[in-house]
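Inspection log for the structure reproduced underneath, given as structure tokens.
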Amino acid sequence: MKQDATRNAAYTVDCEDYVHVVEFNPFDSGDSGNLIAYGGGNYVVVGMCTFQEEEADIEGIQYKTLRTFQHGVRVDGIAWSPETRLDSLPPVIKLFTSDLQDKNEYKVLEGHSDFINGLVFDPKEGQEIASVSDDHTCRIWNLEGIQTAHFVLHSPGMSVCWHPEETFKLMVAEKNGTIRFYDLLTQQAILSLESEQMPLMSAHWCLKNTFKVGAVAGSDWLIWDITRSSYPQDKRPVHMDQACLFRWSTINENLFATTGYPGKIASQFQIHHLGHPQPVLIGSVAVGSGLSWHRTLPLCAIGGDHKLLFWVTEM
């Protein structure tokens, strides 16, 4: 008999408000490998969590809030720096620096004229930020808030990823279904991929194997091998109405997660493995939002109604 892939969340953490976006810290920062940040209506919370999969003497999850930032605008994206952290708000970016004690500073990066859909720190030095927006631009900023590069897109920018090693390479995904790779030294596009379907809502560069790119467009997930073709190597219908987010696992190049748009009852969340024809895990979450993989575990976080929800899968 086929095993049912539907699962309830393995762990939950209660939050003071609706959670719109959630991000595990993807960088190894010593003790704080499990820093997590989440945001909603007008706040960002930075917390620390440890799971029983990591430490035998913990039952389930141990969670502690380290700092709450209030700032009066809805949070639409959070990106961690190798050394600081940041969140983005339409249509400005706020750069927070905090020692999580008494020193909290932030800077506003202004320039976009419409909603910001994605942003990322350069993963090596953490000295630059890339952002994409509904205003049909991708912009690169330094930490002083000065724009150092500006790419004009053909449609809204939905996702942006930095190459983990070659930090002069940037991937930008557009709503019209095109994914372009830019050389930041020459400020030219060097490669493009086509999904052949719209709207493309989210794309992600696989950091375990940078020849792989994944995305969701329409109701499908799509995977490219950029060494072979500019068209998807693999694709499959996944969410009934429309797919929303795509994220590769940080530890396995064949594992990825997708979410559907919050429906009338619940939004669907799925974990897929490229070796399996069906999703390996299906979860549903009332008004789910955001999607992030743990840095060293096959574990996903999603924001919900006054909750963070965590699902665990096998490798």
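If you're wondering about the labels, chains in the structure tokens are A, B, ... by order shown, residues count from 1 in each chain, ligands from 1 in order shown.
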Inset, instruction - Would you mind listing what lies within 8 Å of A:Met171 as a PyMOL selection string, with only C-alpha atoms counted and same-chain residues fewer than 3 positions away left out? - result: chain A and resi 160-163+179-182+205
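Shell of A:Leu191 at 12 Å, with only C-alpha atoms counted and residues fewer than 2 places along the chain excluded, is A:Lys169, A:Leu170, A:Met171, A:Val172, A:Ala173, A:Thr178, A:Ile179, A:Arg180, A:Phe181, A:Tyr182, A:Asp183, A:Gln188, A:Ala189, A:Leu193, A:Glu194, A:Ile226, A:Thr227, A:Ser229, A:Ser230, A:Tyr231.
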Inset, instruction - For stretch 66-68 of chain A, list every protein, DNA or RNA residue within 6 Å, evaluated using only C-alpha atoms, and leave out those in the same chain fewer than 2 positions away; present the list as a list in words. - result: Val44, Val45, Val46 and Gly47 of chain A
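When only C-alpha atoms are used to measure the gap to A:Phe246, the shortest distance among A:Leu291, A:Ala286, A:Pro277, A:Gly41 belongs to A:Leu291.
Take the candidates A:Asn142, A:Gln268, A:Ser133, A:Thr50 and check each one against A:Gln242 using only C-alpha atoms; the shortest distance goes to A:Gln268.
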Write out as a compact mmCIF listing (two decimals) with N, CA, C and O atoms, in the first residue's frame the residues lying within 12 Å of A:Thr137, counting only C-alpha atoms and excluding same-chain residues fewer than 3 positions away.
```txt
# COMPACT_ATOMS: atom_id res chain seq x y z
N GLY A 111 15.54 53.50 -3.35
CA GLY A 111 15.83 53.54 -4.78
C GLY A 111 14.77 52.81 -5.58
O GLY A 111 14.39 53.24 -6.66
N HIS A 112 14.27 51.70 -5.05
CA HIS A 112 13.18 50.98 -5.74
C HIS A 112 11.90 51.81 -5.68
O HIS A 112 11.61 52.47 -4.68
N SER A 113 11.10 51.73 -6.76
CA SER A 113 9.85 52.50 -6.79
C SER A 113 8.62 51.61 -6.63
O SER A 113 7.49 52.07 -6.76
N ASP A 114 8.82 50.32 -6.37
CA ASP A 114 7.68 49.41 -6.20
C ASP A 114 8.11 48.28 -5.27
O ASP A 114 9.26 48.25 -4.81
N PHE A 115 7.20 47.32 -5.02
CA PHE A 115 7.47 46.24 -4.07
C PHE A 115 8.78 45.52 -4.36
O PHE A 115 9.12 45.27 -5.51
N ILE A 116 9.49 45.18 -3.30
CA ILE A 116 10.71 44.38 -3.40
C ILE A 116 10.33 42.92 -3.17
O ILE A 116 9.70 42.58 -2.16
N ASN A 117 10.68 42.06 -4.12
CA ASN A 117 10.27 40.65 -4.05
C ASN A 117 11.35 39.71 -3.55
O ASN A 117 11.05 38.60 -3.13
N GLY A 118 12.60 40.15 -3.61
CA GLY A 118 13.67 39.27 -3.17
C GLY A 118 14.93 40.07 -2.89
O GLY A 118 15.14 41.14 -3.47
N ALA A 130 21.94 42.45 -3.06
CA ALA A 130 21.22 42.53 -4.34
C ALA A 130 19.73 42.44 -4.04
O ALA A 130 19.30 41.69 -3.16
N SER A 131 18.92 43.22 -4.79
CA SER A 131 17.47 43.19 -4.59
C SER A 131 16.77 43.24 -5.94
O SER A 131 17.29 43.80 -6.91
N VAL A 132 15.58 42.63 -6.01
CA VAL A 132 14.75 42.68 -7.22
C VAL A 132 13.35 43.15 -6.85
O VAL A 132 12.87 42.91 -5.74
N SER A 133 12.70 43.80 -7.82
CA SER A 133 11.46 44.50 -7.49
C SER A 133 10.46 44.44 -8.64
O SER A 133 10.81 44.19 -9.80
N ASP A 134 9.20 44.74 -8.29
CA ASP A 134 8.14 44.93 -9.29
C ASP A 134 8.43 46.11 -10.21
O ASP A 134 7.76 46.29 -11.21
N ILE A 140 22.14 46.54 -7.02
CA ILE A 140 23.18 46.11 -6.07
C ILE A 140 23.54 47.32 -5.22
O ILE A 140 23.69 48.43 -5.73
N ALA A 149 25.34 48.94 -8.79
CA ALA A 149 24.96 48.42 -10.11
C ALA A 149 23.44 48.41 -10.21
O ALA A 149 22.74 48.42 -9.19
N HIS A 150 22.96 48.38 -11.46
CA HIS A 150 21.52 48.51 -11.70
C HIS A 150 21.23 47.81 -13.04
O HIS A 150 21.78 48.18 -14.05
N PHE A 151 20.40 46.78 -13.01
CA PHE A 151 20.03 46.06 -14.23
C PHE A 151 18.56 46.30 -14.52
O PHE A 151 17.72 46.11 -13.64
N VAL A 152 18.26 46.66 -15.76
CA VAL A 152 16.86 46.84 -16.16
C VAL A 152 16.33 45.49 -16.63
O VAL A 152 16.95 44.83 -17.47
N LEU A 153 15.18 45.09 -16.08
CA LEU A 153 14.56 43.80 -16.41
C LEU A 153 13.40 44.02 -17.38
O LEU A 153 12.94 45.15 -17.57
N HIS A 154 12.90 42.92 -17.95
CA HIS A 154 11.78 43.02 -18.89
C HIS A 154 10.43 42.83 -18.22
O HIS A 154 9.38 42.99 -18.85
N SER A 155 10.45 42.46 -16.95
CA SER A 155 9.21 42.24 -16.18
C SER A 155 9.60 42.30 -14.70
O SER A 155 10.77 42.45 -14.38
N PRO A 156 8.64 42.18 -13.79
CA PRO A 156 9.00 42.24 -12.36
C PRO A 156 10.06 41.20 -11.99
O PRO A 156 10.01 40.05 -12.44
N GLY A 157 11.03 41.61 -11.18
CA GLY A 157 12.03 40.68 -10.64
C GLY A 157 11.44 39.95 -9.45
O GLY A 157 10.92 40.57 -8.52
N MET A 158 11.49 38.62 -9.46
CA MET A 158 10.85 37.82 -8.41
C MET A 158 11.84 37.21 -7.42
O MET A 158 11.54 37.08 -6.25
N SER A 159 13.02 36.79 -7.91
CA SER A 159 14.01 36.14 -7.05
C SER A 159 15.40 36.56 -7.47
O SER A 159 15.64 36.83 -8.65
N VAL A 160 16.31 36.59 -6.49
CA VAL A 160 17.72 36.89 -6.79
C VAL A 160 18.59 35.98 -5.91
O VAL A 160 18.30 35.79 -4.73
N VAL A 172 19.04 36.18 -11.60
CA VAL A 172 17.84 36.99 -11.43
C VAL A 172 16.69 36.33 -12.18
O VAL A 172 16.81 36.04 -13.38
N ALA A 173 15.59 36.06 -11.49
CA ALA A 173 14.42 35.44 -12.11
C ALA A 173 13.31 36.47 -12.28
O ALA A 173 13.00 37.21 -11.36
N GLU A 174 12.73 36.49 -13.49
CA GLU A 174 11.67 37.44 -13.80
C GLU A 174 10.31 36.75 -13.92
O GLU A 174 10.22 35.58 -14.26
N LYS A 175 9.28 37.52 -13.66
CA LYS A 175 7.92 37.00 -13.67
C LYS A 175 7.51 36.47 -15.05
O LYS A 175 6.66 35.59 -15.16
```
Inset, instruction - Identify, with DSSP run on backbone atoms, the residues in stretch 81-283 of chain A assigned to strand (DSSP E or B), and express the list as a PyMOL selection string. - result: chain A and resi 85-89+92-98+104-110+116-121+128-133+137-142+147-152+157-162+169-174+178-183+188-194+200-205+212-217+220-225+234-237+243-248+255-260+267-273+281-283
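Near A:Ala37, within 9 Å and counting only C-alpha atoms, sit Val21, Val22, Glu23, Phe24, Asn25, Val44, Val45, Val46, Gly47, Met48, Ile78, Ala79, Trp80 and Arg85 of chain A, not including residues fewer than 6 positions from it in the same chain.
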Inset, instruction - Work out how far atom CA of A:Ile223 is from atom CA of A:Cys300, in Å to one decimal. - result: 19.7 Å
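Using only C-alpha atoms, the shortest contact distance between A:Phe69 and any of A:Pro26, A:Gly40, A:Pro232, A:Pro82 is found at A:Gly40.
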Write out, as a Markdown table, each residue of stretch 224-309 of chain A that has an atom at most 10 Å from stretch 53-56 of chain A, together with the closest pair of atoms and their distance in Å to one decimal, counting only C-alpha atoms, rows going by chain and rising number.
```
| residue | atom | partner | partner_atom | distance |
| --- | --- | --- | --- | --- |
| A:Thr296 | CA | A:Glu54 | CA | 9.2 |
| A:Leu297 | CA | A:Glu53 | CA | 7.9 |
| A:Pro298 | CA | A:Glu53 | CA | 9.9 |
| A:Leu299 | CA | A:Glu53 | CA | 9.7 |
```
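Note that the spacing between atom CA of A:Tyr11 and atom CA of A:Phe310 amounts to 5.1 Å.
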Inset, instruction - For atom CA of A:Thr186 and atom CA of A:Ile129, determine how far apart the two atoms are, in Å to one decimal place. - result: 17.6 Å
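The closest residue to A:His272, picked from A:Ser284, A:Val13, A:Gly303, A:Glu314 and counting only C-alpha atoms, is A:Glu314.
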